[in-house]
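What follows is a short report on a single structure.
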Amino acid sequence: MQDKIIIKGAREHNLKNISLELPRNKLVCMTGVSGSGKSSLAFDTIFAEGQRRYVESLSAYARQFLGQMEKPDVDDIEGLSPAISIDQKAHSNNPRSTVATITEVYDYLRVLFARVGRPHCVTCGQEIQKLTNEEMVDVVLERLKGQKGTKGMIKILAPVVLGRKGEYYQLLYDLYNSGFARVRIDGKEYRLDQQIKLARYQQHTIEVVVDTIPVVDLSDGVDQTKTGRQRLAEALETAISRGNDVATIVYPDGKEQMLSAKFSCPKDGFSFPEIEPRLFSFNSPYGACQACTGLGTAELFSEELCPVCMGARLRKESLYVWLPGREEKGVSIVDVTRMSIDEAVGYFSSISLTEKQQEISGSILKEIQGRLQFMLDVGLHYLTLNRMAGSLSGGEAQCIRLASQVGTRLVGAMYVLDEPTIGLHQRDNDRLIRTLEHLRDLGNTVIVVEHDEDTILASDYMVEIGPGAGRHGGEVVAAGATPKIFEDKKSLTAAYLRGDQKIEIPKERRTIGKDAIKIKGASQNNLKNIDVEIPLRRFVCVTGVSGSGKSTLAYETMYKTIAKRLYGSKHTPGAHKSLLGIEYIDKAILIDQSAIGRTSRSNPATYTGAWGPIRELFALTAEARYRGYKVGRFSFNRPGGRCEHCEGHGMIAIEMHFLPTVYVKCDVCKGRRFDRETLEIAYKDKNIFQVLEMTVEEAREFFKDIPAIEDKLSTLNDVGLSYVKLGQPAPTLSGGEAQRVKLSTELSKRQTGRTLYLLDEPTTGLHFADVKKLLEVLHMLVDKGNSVIVIEHNLDVIKTADWIIDLGPEGGDLGGEVVFAGTPEEIVRHAKSYTGQYLKRVLKR
């Protein structure tokens, strides 16, 4: 087998026709300044070509559903393996997406509970056993005991369809031909000899009426006639065979009872529906709580729990199928998902199953334990399995996606990862690196786009792309075995690692004044009723291991409380007794890593406000005025000037079914977003689409004489986004890039000198040189009298702080305390602070 990946003539985005060789089955690190072309090489060239070749290897029948994938701009790549991409946008804001679903642990849990879980009656709590036909007859007769002489009938129905979409024309026809006369559909009865039309895309429940028996023949529980009892037995047997082992009894009083040949309570007659994996799915109507459709909340994006399921998401029956617990009562699937990773590992390592249950569940438990153990190994022990995906940091999201990939135990694959260390404390980096090395040792090629020093040092091979960003990058600056690269004088990364270049430690720390935000009794999530004082008009770092409570303190408690008081925000602040000091600030700005927009029509130009003046400029040109074009003509958000085929997106989405959605250029506008007439209008020989294709650096020069535009572009340049295109779709920006777009937008506004800025890991995606530039901007804000608070793991940032608030000592239940609060020089002398231990090395250097 070829031992190299050979890339020839890569020209994707800013790559300048580069060629290089990468060793297979090694840990390869790609680095370089932001915008240099690392991701263009790793993801848009190597991974994209690997994915395209996989699709091309499928049958012509499969490819007709997947569409034609565009080949990356590269002459050839040899030695490619099947490729798996794990990027920073791995997590989802879908409220149904959780840690358990992303890692596929929940899929295996559903199968486990369906196969070896023991159902219990939701009424009396007793374990339910299967009912024979004779036992079912006794249950019905017991229910009718003492009703002798009562007028009325009981109906026996067989549920043949439960909550599934379709017209079911053939099924109804077959039932009619089988001799059945009536059917109940969605609660309403019909004759089978009449025309029945069902909505094709609507879910239906269809129950065929097997028999209707007079109560007088069955009402005496002791002296029934042989004919009545036999008729009931035969009707139940028919219903069970037709209704997938379930029969529905409708009594004269209108009450219904489900009896099952599998599980039904002999004491009070409660019967389980079919126990299958769907019963434990909150995404299926079969298993979801009907009141909240499986969301667990009163309404979409609400923080109020559903009053029926109280956040469990599932129907009541799902919660009464139990596995053995550590106490007498069993454990439901919701009980398991509420466990932390640490607790779940302990539970499954000591679960007590019978020999038969072990035989059935052996392979399932192996898959669950493998994924849980991986998350434990990389330091995510504090996460609960039901943690919402949208609340995860970029690093946590990548780690849990990596857990699902490691669980597959592939060999000979190529993994491409984008900064897997983001969101992880230095202490946890070692665990992650060991996992990457394990993947490599299994016989896989691992390509990591990374700036973290520990990961670079652990790599076998290093490639630096640069030397600059955008049009100044796209070249191979250095490539070779990692130890040899450190001697390369052309490598900027090596210069920082050797210490030739460095981020300076401030000569003096700003002195701490009396003005401060004082939080008393913070107790949200894992915070242990702590009191914290955050000095204002200073550069403050909130640090600690992953899961120690940093975001809970800074965002959930401090920011939400301030936002509620200043702006009347509807978000519910984290639990605390009091928060003082808001009178010292007039604004609070959150700059997080959430996307700046959900569609491709959102971009840096629209978000920063530069797009408005640009459109006005085009509308003022002589040709536009002659044609009567107004500003709206140059908008891709409204009809009039945009391409209506793609509605201004420039791309058409193709659903890939079992693969991620693929976006291809609109075949009408060729990706240019606007119609032909709009594109005929030019300003300085450039049309509106050509302006969108400019990088910030190019546009800044182009509009240098227009202050309303140039000022906004300058701030984008100042935060290190010179390489980003004005029209780059928001979904394609990394979390770190989106955060810096938000930061530049705030910088372009008039400063009051009394603003509090909260940033969550602003160094995500930044090279050492870019971190240096960003720190200059943040410290400039503080110098103007503002307060900057950052949640950060990057030691180069922490060493420049005026004040550090270190939480911990561990994550989850073992965290939530203030380990230390003070200056960087003081924290390194604190033996219990992990941050201090790692910071000591940096300060010594």
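Naming works like this for the structure tokens: A, B, ... for the chains as they're shown, residue 1 at the start of each chain, ligands 1 onward in shown order.
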Item to check | Who sits within 8 Å of stretch 632-648 of chain A, only C-alpha atoms, same chain under 3 positions skipped, as an MDAnalysis selection string | outcome: chainID A and resid 601 615 618:619 629 651:652 666 668:669 673:675 677:678 688
List every residue of stretch 111-217 of chain A that DSSP, applied to the backbone of this structure, assigns to helix (DSSP H, G or I), and report them as a PDB file with N, CA, C and O atoms, in the first residue's frame.
```pdb
ATOM      1  N   VAL A 111     -32.088   0.482  21.987  1.00  0.00           N
ATOM      2  CA  VAL A 111     -32.100  -0.957  21.676  1.00  0.00           C
ATOM      3  C   VAL A 111     -31.949  -1.780  22.949  1.00  0.00           C
ATOM      4  O   VAL A 111     -32.633  -2.794  23.139  1.00  0.00           O
ATOM      5  N   LEU A 112     -31.070  -1.325  23.849  1.00  0.00           N
ATOM      6  CA  LEU A 112     -30.828  -2.048  25.100  1.00  0.00           C
ATOM      7  C   LEU A 112     -32.106  -2.149  25.928  1.00  0.00           C
ATOM      8  O   LEU A 112     -32.471  -3.239  26.404  1.00  0.00           O
ATOM      9  N   PHE A 113     -32.814  -1.026  26.096  1.00  0.00           N
ATOM     10  CA  PHE A 113     -34.038  -1.038  26.900  1.00  0.00           C
ATOM     11  C   PHE A 113     -35.146  -1.841  26.220  1.00  0.00           C
ATOM     12  O   PHE A 113     -35.953  -2.482  26.892  1.00  0.00           O
ATOM     13  N   ALA A 114     -35.188  -1.814  24.883  1.00  0.00           N
ATOM     14  CA  ALA A 114     -36.212  -2.572  24.172  1.00  0.00           C
ATOM     15  C   ALA A 114     -35.971  -4.076  24.266  1.00  0.00           C
ATOM     16  O   ALA A 114     -36.927  -4.869  24.285  1.00  0.00           O
ATOM     17  N   ARG A 115     -34.704  -4.485  24.357  1.00  0.00           N
ATOM     18  CA  ARG A 115     -34.375  -5.918  24.334  1.00  0.00           C
ATOM     19  C   ARG A 115     -34.344  -6.538  25.734  1.00  0.00           C
ATOM     20  O   ARG A 115     -34.802  -7.663  25.918  1.00  0.00           O
ATOM     21  N   VAL A 116     -33.792  -5.833  26.704  1.00  0.00           N
ATOM     22  CA  VAL A 116     -33.647  -6.453  28.033  1.00  0.00           C
ATOM     23  C   VAL A 116     -34.290  -5.654  29.159  1.00  0.00           C
ATOM     24  O   VAL A 116     -34.232  -6.065  30.319  1.00  0.00           O
ATOM     25  N   ASN A 133     -53.776 -15.889  26.023  1.00  0.00           N
ATOM     26  CA  ASN A 133     -55.127 -15.561  25.569  1.00  0.00           C
ATOM     27  C   ASN A 133     -56.147 -15.804  26.673  1.00  0.00           C
ATOM     28  O   ASN A 133     -57.072 -15.012  26.870  1.00  0.00           O
ATOM     29  N   GLU A 134     -55.949 -16.895  27.415  1.00  0.00           N
ATOM     30  CA  GLU A 134     -56.880 -17.222  28.499  1.00  0.00           C
ATOM     31  C   GLU A 134     -56.837 -16.161  29.589  1.00  0.00           C
ATOM     32  O   GLU A 134     -57.879 -15.776  30.148  1.00  0.00           O
ATOM     33  N   GLU A 135     -55.629 -15.658  29.904  1.00  0.00           N
ATOM     34  CA  GLU A 135     -55.496 -14.607  30.913  1.00  0.00           C
ATOM     35  C   GLU A 135     -56.151 -13.309  30.446  1.00  0.00           C
ATOM     36  O   GLU A 135     -56.741 -12.576  31.250  1.00  0.00           O
ATOM     37  N   MET A 136     -56.090 -13.030  29.166  1.00  0.00           N
ATOM     38  CA  MET A 136     -56.745 -11.833  28.640  1.00  0.00           C
ATOM     39  C   MET A 136     -58.264 -11.925  28.812  1.00  0.00           C
ATOM     40  O   MET A 136     -58.936 -10.947  29.176  1.00  0.00           O
ATOM     41  N   VAL A 137     -58.833 -13.085  28.514  1.00  0.00           N
ATOM     42  CA  VAL A 137     -60.273 -13.283  28.689  1.00  0.00           C
ATOM     43  C   VAL A 137     -60.665 -13.025  30.143  1.00  0.00           C
ATOM     44  O   VAL A 137     -61.652 -12.345  30.433  1.00  0.00           O
ATOM     45  N   ASP A 138     -59.849 -13.536  31.074  1.00  0.00           N
ATOM     46  CA  ASP A 138     -60.136 -13.341  32.503  1.00  0.00           C
ATOM     47  C   ASP A 138     -60.083 -11.865  32.882  1.00  0.00           C
ATOM     48  O   ASP A 138     -60.881 -11.391  33.704  1.00  0.00           O
ATOM     49  N   VAL A 139     -59.130 -11.102  32.291  1.00  0.00           N
ATOM     50  CA  VAL A 139     -59.018  -9.668  32.586  1.00  0.00           C
ATOM     51  C   VAL A 139     -60.286  -8.939  32.164  1.00  0.00           C
ATOM     52  O   VAL A 139     -60.835  -8.110  32.893  1.00  0.00           O
ATOM     53  N   VAL A 140     -60.817  -9.276  30.961  1.00  0.00           N
ATOM     54  CA  VAL A 140     -62.027  -8.612  30.468  1.00  0.00           C
ATOM     55  C   VAL A 140     -63.234  -8.985  31.329  1.00  0.00           C
ATOM     56  O   VAL A 140     -64.035  -8.127  31.721  1.00  0.00           O
ATOM     57  N   LEU A 141     -63.364 -10.244  31.645  1.00  0.00           N
ATOM     58  CA  LEU A 141     -64.499 -10.688  32.442  1.00  0.00           C
ATOM     59  C   LEU A 141     -64.458 -10.107  33.854  1.00  0.00           C
ATOM     60  O   LEU A 141     -65.488  -9.776  34.432  1.00  0.00           O
ATOM     61  N   GLU A 142     -63.255  -9.979  34.410  1.00  0.00           N
ATOM     62  CA  GLU A 142     -63.102  -9.378  35.741  1.00  0.00           C
ATOM     63  C   GLU A 142     -63.568  -7.930  35.721  1.00  0.00           C
ATOM     64  O   GLU A 142     -64.195  -7.443  36.657  1.00  0.00           O
ATOM     65  N   ARG A 143     -63.258  -7.259  34.612  1.00  0.00           N
ATOM     66  CA  ARG A 143     -63.646  -5.843  34.462  1.00  0.00           C
ATOM     67  C   ARG A 143     -65.175  -5.707  34.386  1.00  0.00           C
ATOM     68  O   ARG A 143     -65.748  -4.710  34.815  1.00  0.00           O
ATOM     69  N   LEU A 144     -65.855  -6.752  33.862  1.00  0.00           N
ATOM     70  CA  LEU A 144     -67.309  -6.704  33.678  1.00  0.00           C
ATOM     71  C   LEU A 144     -68.085  -7.343  34.831  1.00  0.00           C
ATOM     72  O   LEU A 144     -69.309  -7.362  34.819  1.00  0.00           O
ATOM     73  N   TYR A 169     -54.541   2.585   1.164  1.00  0.00           N
ATOM     74  CA  TYR A 169     -55.651   2.130   0.326  1.00  0.00           C
ATOM     75  C   TYR A 169     -55.674   0.609   0.217  1.00  0.00           C
ATOM     76  O   TYR A 169     -56.714  -0.033   0.383  1.00  0.00           O
ATOM     77  N   GLN A 170     -54.485   0.026  -0.051  1.00  0.00           N
ATOM     78  CA  GLN A 170     -54.407  -1.424  -0.240  1.00  0.00           C
ATOM     79  C   GLN A 170     -54.720  -2.176   1.054  1.00  0.00           C
ATOM     80  O   GLN A 170     -55.392  -3.219   1.045  1.00  0.00           O
ATOM     81  N   LEU A 171     -54.254  -1.649   2.180  1.00  0.00           N
ATOM     82  CA  LEU A 171     -54.515  -2.287   3.473  1.00  0.00           C
ATOM     83  C   LEU A 171     -56.014  -2.344   3.755  1.00  0.00           C
ATOM     84  O   LEU A 171     -56.550  -3.389   4.161  1.00  0.00           O
ATOM     85  N   LEU A 172     -56.706  -1.217   3.539  1.00  0.00           N
ATOM     86  CA  LEU A 172     -58.147  -1.168   3.801  1.00  0.00           C
ATOM     87  C   LEU A 172     -58.890  -2.113   2.856  1.00  0.00           C
ATOM     88  O   LEU A 172     -59.870  -2.779   3.252  1.00  0.00           O
ATOM     89  N   TYR A 173     -58.418  -2.184   1.627  1.00  0.00           N
ATOM     90  CA  TYR A 173     -59.039  -3.082   0.649  1.00  0.00           C
ATOM     91  C   TYR A 173     -58.862  -4.547   1.077  1.00  0.00           C
ATOM     92  O   TYR A 173     -59.808  -5.361   1.001  1.00  0.00           O
ATOM     93  N   ASP A 174     -57.660  -4.889   1.549  1.00  0.00           N
ATOM     94  CA  ASP A 174     -57.382  -6.256   1.991  1.00  0.00           C
ATOM     95  C   ASP A 174     -58.220  -6.627   3.211  1.00  0.00           C
ATOM     96  O   ASP A 174     -58.690  -7.773   3.335  1.00  0.00           O
ATOM     97  N   LEU A 175     -58.412  -5.671   4.138  1.00  0.00           N
ATOM     98  CA  LEU A 175     -59.231  -5.930   5.322  1.00  0.00           C
ATOM     99  C   LEU A 175     -60.671  -6.224   4.919  1.00  0.00           C
ATOM    100  O   LEU A 175     -61.326  -7.119   5.470  1.00  0.00           O
ATOM    101  N   TYR A 176     -61.160  -5.445   3.962  1.00  0.00           N
ATOM    102  CA  TYR A 176     -62.532  -5.642   3.478  1.00  0.00           C
ATOM    103  C   TYR A 176     -62.681  -7.035   2.853  1.00  0.00           C
ATOM    104  O   TYR A 176     -63.656  -7.759   3.112  1.00  0.00           O
ATOM    105  N   ASN A 177     -61.696  -7.419   2.047  1.00  0.00           N
ATOM    106  CA  ASN A 177     -61.735  -8.734   1.404  1.00  0.00           C
ATOM    107  C   ASN A 177     -61.581  -9.884   2.398  1.00  0.00           C
ATOM    108  O   ASN A 177     -61.941 -11.031   2.103  1.00  0.00           O
ATOM    109  N   VAL A 215     -72.936  -7.226  26.200  1.00  0.00           N
ATOM    110  CA  VAL A 215     -72.430  -7.362  27.564  1.00  0.00           C
ATOM    111  C   VAL A 215     -73.174  -8.457  28.315  1.00  0.00           C
ATOM    112  O   VAL A 215     -72.595  -9.156  29.152  1.00  0.00           O
ATOM    113  N   VAL A 216     -74.467  -8.654  28.023  1.00  0.00           N
ATOM    114  CA  VAL A 216     -75.269  -9.649  28.770  1.00  0.00           C
ATOM    115  C   VAL A 216     -74.695 -11.047  28.629  1.00  0.00           C
ATOM    116  O   VAL A 216     -74.894 -11.909  29.482  1.00  0.00           O
ATOM    117  N   ASP A 217     -73.976 -11.290  27.540  1.00  0.00           N
ATOM    118  CA  ASP A 217     -73.378 -12.615  27.356  1.00  0.00           C
ATOM    119  C   ASP A 217     -72.100 -12.786  28.165  1.00  0.00           C
ATOM    120  O   ASP A 217     -71.596 -13.896  28.305  1.00  0.00           O
TER     121      ASP A 217
END
```
Next on the checklist: List as a ChimeraX atom specification the protein and nucleic acid residues near A:Asp488, meaning an atom at most 9 Å away when only C-alpha atoms are counted, but skip any in the same chain fewer than 6 places from it.
Outcome noted: /A:478,494-495
Checklist entry - How many Å lie between atom CA of A:Val250 and atom CA of A:Val160, rounded to one decimal? => result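 So the two atoms, atom CA of A:Val250 and atom CA of A:Val160, lie 16.1 Å apart.
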Need the shell around A:Gly35: protein/DNA/RNA residues with any atom at most 9 Å away, counting only C-alpha atoms. Skip same-chain ones fewer than 5 positions apart. Format as a compact mmCIF listing (two decimals) with all heavy atoms, in the first residue's frame?
```
# COMPACT_ATOMS: atom_id res chain seq x y z
N ASN A 14 -7.28 30.33 -1.74
CA ASN A 14 -6.04 31.11 -1.93
C ASN A 14 -4.79 30.25 -2.12
O ASN A 14 -3.67 30.77 -2.16
CB ASN A 14 -5.83 32.06 -0.74
CG ASN A 14 -5.49 31.30 0.54
OD1 ASN A 14 -5.95 30.18 0.74
ND2 ASN A 14 -4.71 31.93 1.41
N SER A 40 -8.32 25.33 3.75
CA SER A 40 -8.52 25.14 2.31
C SER A 40 -7.81 23.87 1.85
O SER A 40 -8.31 23.13 1.00
CB SER A 40 -7.99 26.34 1.53
OG SER A 40 -8.73 27.50 1.85
N GLY A 466 1.37 29.58 4.57
CA GLY A 466 1.52 31.02 4.80
C GLY A 466 2.14 31.68 3.58
O GLY A 466 1.88 31.24 2.46
N GLY A 468 1.45 34.74 4.91
CA GLY A 468 0.45 35.63 5.46
C GLY A 468 -0.95 35.07 5.31
O GLY A 468 -1.15 33.87 5.14
N ALA A 469 -1.94 35.96 5.35
CA ALA A 469 -3.34 35.57 5.22
C ALA A 469 -3.87 35.96 3.84
O ALA A 469 -3.33 36.87 3.19
CB ALA A 469 -4.18 36.23 6.31
N GLY A 470 -4.94 35.29 3.41
CA GLY A 470 -5.57 35.65 2.15
C GLY A 470 -4.63 35.53 0.97
O GLY A 470 -3.95 34.53 0.78
N GLY A 473 -1.07 34.46 1.52
CA GLY A 473 -0.80 33.11 2.00
C GLY A 473 -0.90 32.11 0.87
O GLY A 473 -0.65 32.41 -0.29
N GLY A 474 -1.29 30.88 1.24
CA GLY A 474 -1.51 29.86 0.23
C GLY A 474 -0.27 29.15 -0.26
O GLY A 474 -0.31 28.44 -1.26
N GLY A 720 -8.01 40.77 12.78
CA GLY A 720 -7.37 39.65 12.10
C GLY A 720 -8.21 38.96 11.05
O GLY A 720 -8.00 37.78 10.76
N LEU A 721 -9.17 39.68 10.46
CA LEU A 721 -10.04 39.07 9.45
C LEU A 721 -9.80 39.67 8.07
O LEU A 721 -10.72 39.74 7.25
CB LEU A 721 -11.52 39.24 9.84
CG LEU A 721 -11.98 38.49 11.09
CD1 LEU A 721 -13.43 38.79 11.40
CD2 LEU A 721 -11.77 36.99 10.94
N SER A 722 -8.58 40.07 7.78
CA SER A 722 -8.27 40.69 6.50
C SER A 722 -8.51 39.75 5.32
O SER A 722 -8.76 40.18 4.20
CB SER A 722 -6.81 41.15 6.48
OG SER A 722 -5.94 40.03 6.64
N TYR A 723 -8.47 38.45 5.58
CA TYR A 723 -8.57 37.45 4.53
C TYR A 723 -10.01 37.04 4.21
O TYR A 723 -10.27 36.38 3.21
CB TYR A 723 -7.80 36.20 4.93
CG TYR A 723 -8.33 35.57 6.21
CD1 TYR A 723 -9.29 34.58 6.17
CD2 TYR A 723 -7.87 35.99 7.45
CE1 TYR A 723 -9.78 34.01 7.32
CE2 TYR A 723 -8.36 35.44 8.61
CZ TYR A 723 -9.31 34.45 8.55
OH TYR A 723 -9.80 33.90 9.71
N VAL A 724 -10.96 37.39 5.06
CA VAL A 724 -12.34 36.96 4.88
C VAL A 724 -13.02 37.78 3.78
O VAL A 724 -12.84 38.99 3.70
CB VAL A 724 -13.12 37.12 6.21
CG1 VAL A 724 -14.62 36.90 6.00
CG2 VAL A 724 -12.60 36.15 7.25
```
Next on the checklist: Show me, as a PyMOL selection string, the residues that have an atom within 6 Å of A:Gly574 when counting only C-alpha atoms, minus same-chain residues fewer than 2 positions from it.
Outcome noted: chain A and resi 524+556-557
Checklist entry - How many Å lie between atom CA of A:Val532 and atom CA of A:Asp813, rounded to one decimal? => result 18.7 Å
Item to check | Contact residues around A:Gln257 with only C-alpha atoms at 7 Å, ignoring same-chain residues under 5 positions, as a PyMOL selection string | outcome: chain A and resi 248-250+270
Item to check | Selection: 8 Å around A:Gly443, only C-alpha atoms, excl. self and same-chain fewer than 4 positions, as an NGL selection string | outcome: :A and (25 or 411-413 or 439)
Next on the checklist: as a ChimeraX atom specification, please: every residue in stretch 515-609 of chain A that DSSP puts in strand (DSSP E).
Outcome noted: /A:516-522,530-535,539-544,578-580,587-591
Next on the checklist: Rounded to one decimal, what separation in Å do you get between atom CA of A:Ile433 and atom CA of A:Ile86?
Outcome noted: 15.2 Å
Checklist entry - Looking at A:Val105, A:Val209, A:Val331, A:Ile128, which one is nearest to A:Gly370, with distances taken over only C-alpha atoms? => result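 Among the listed residues, the smallest separation from A:Gly370 belongs to A:Val105.
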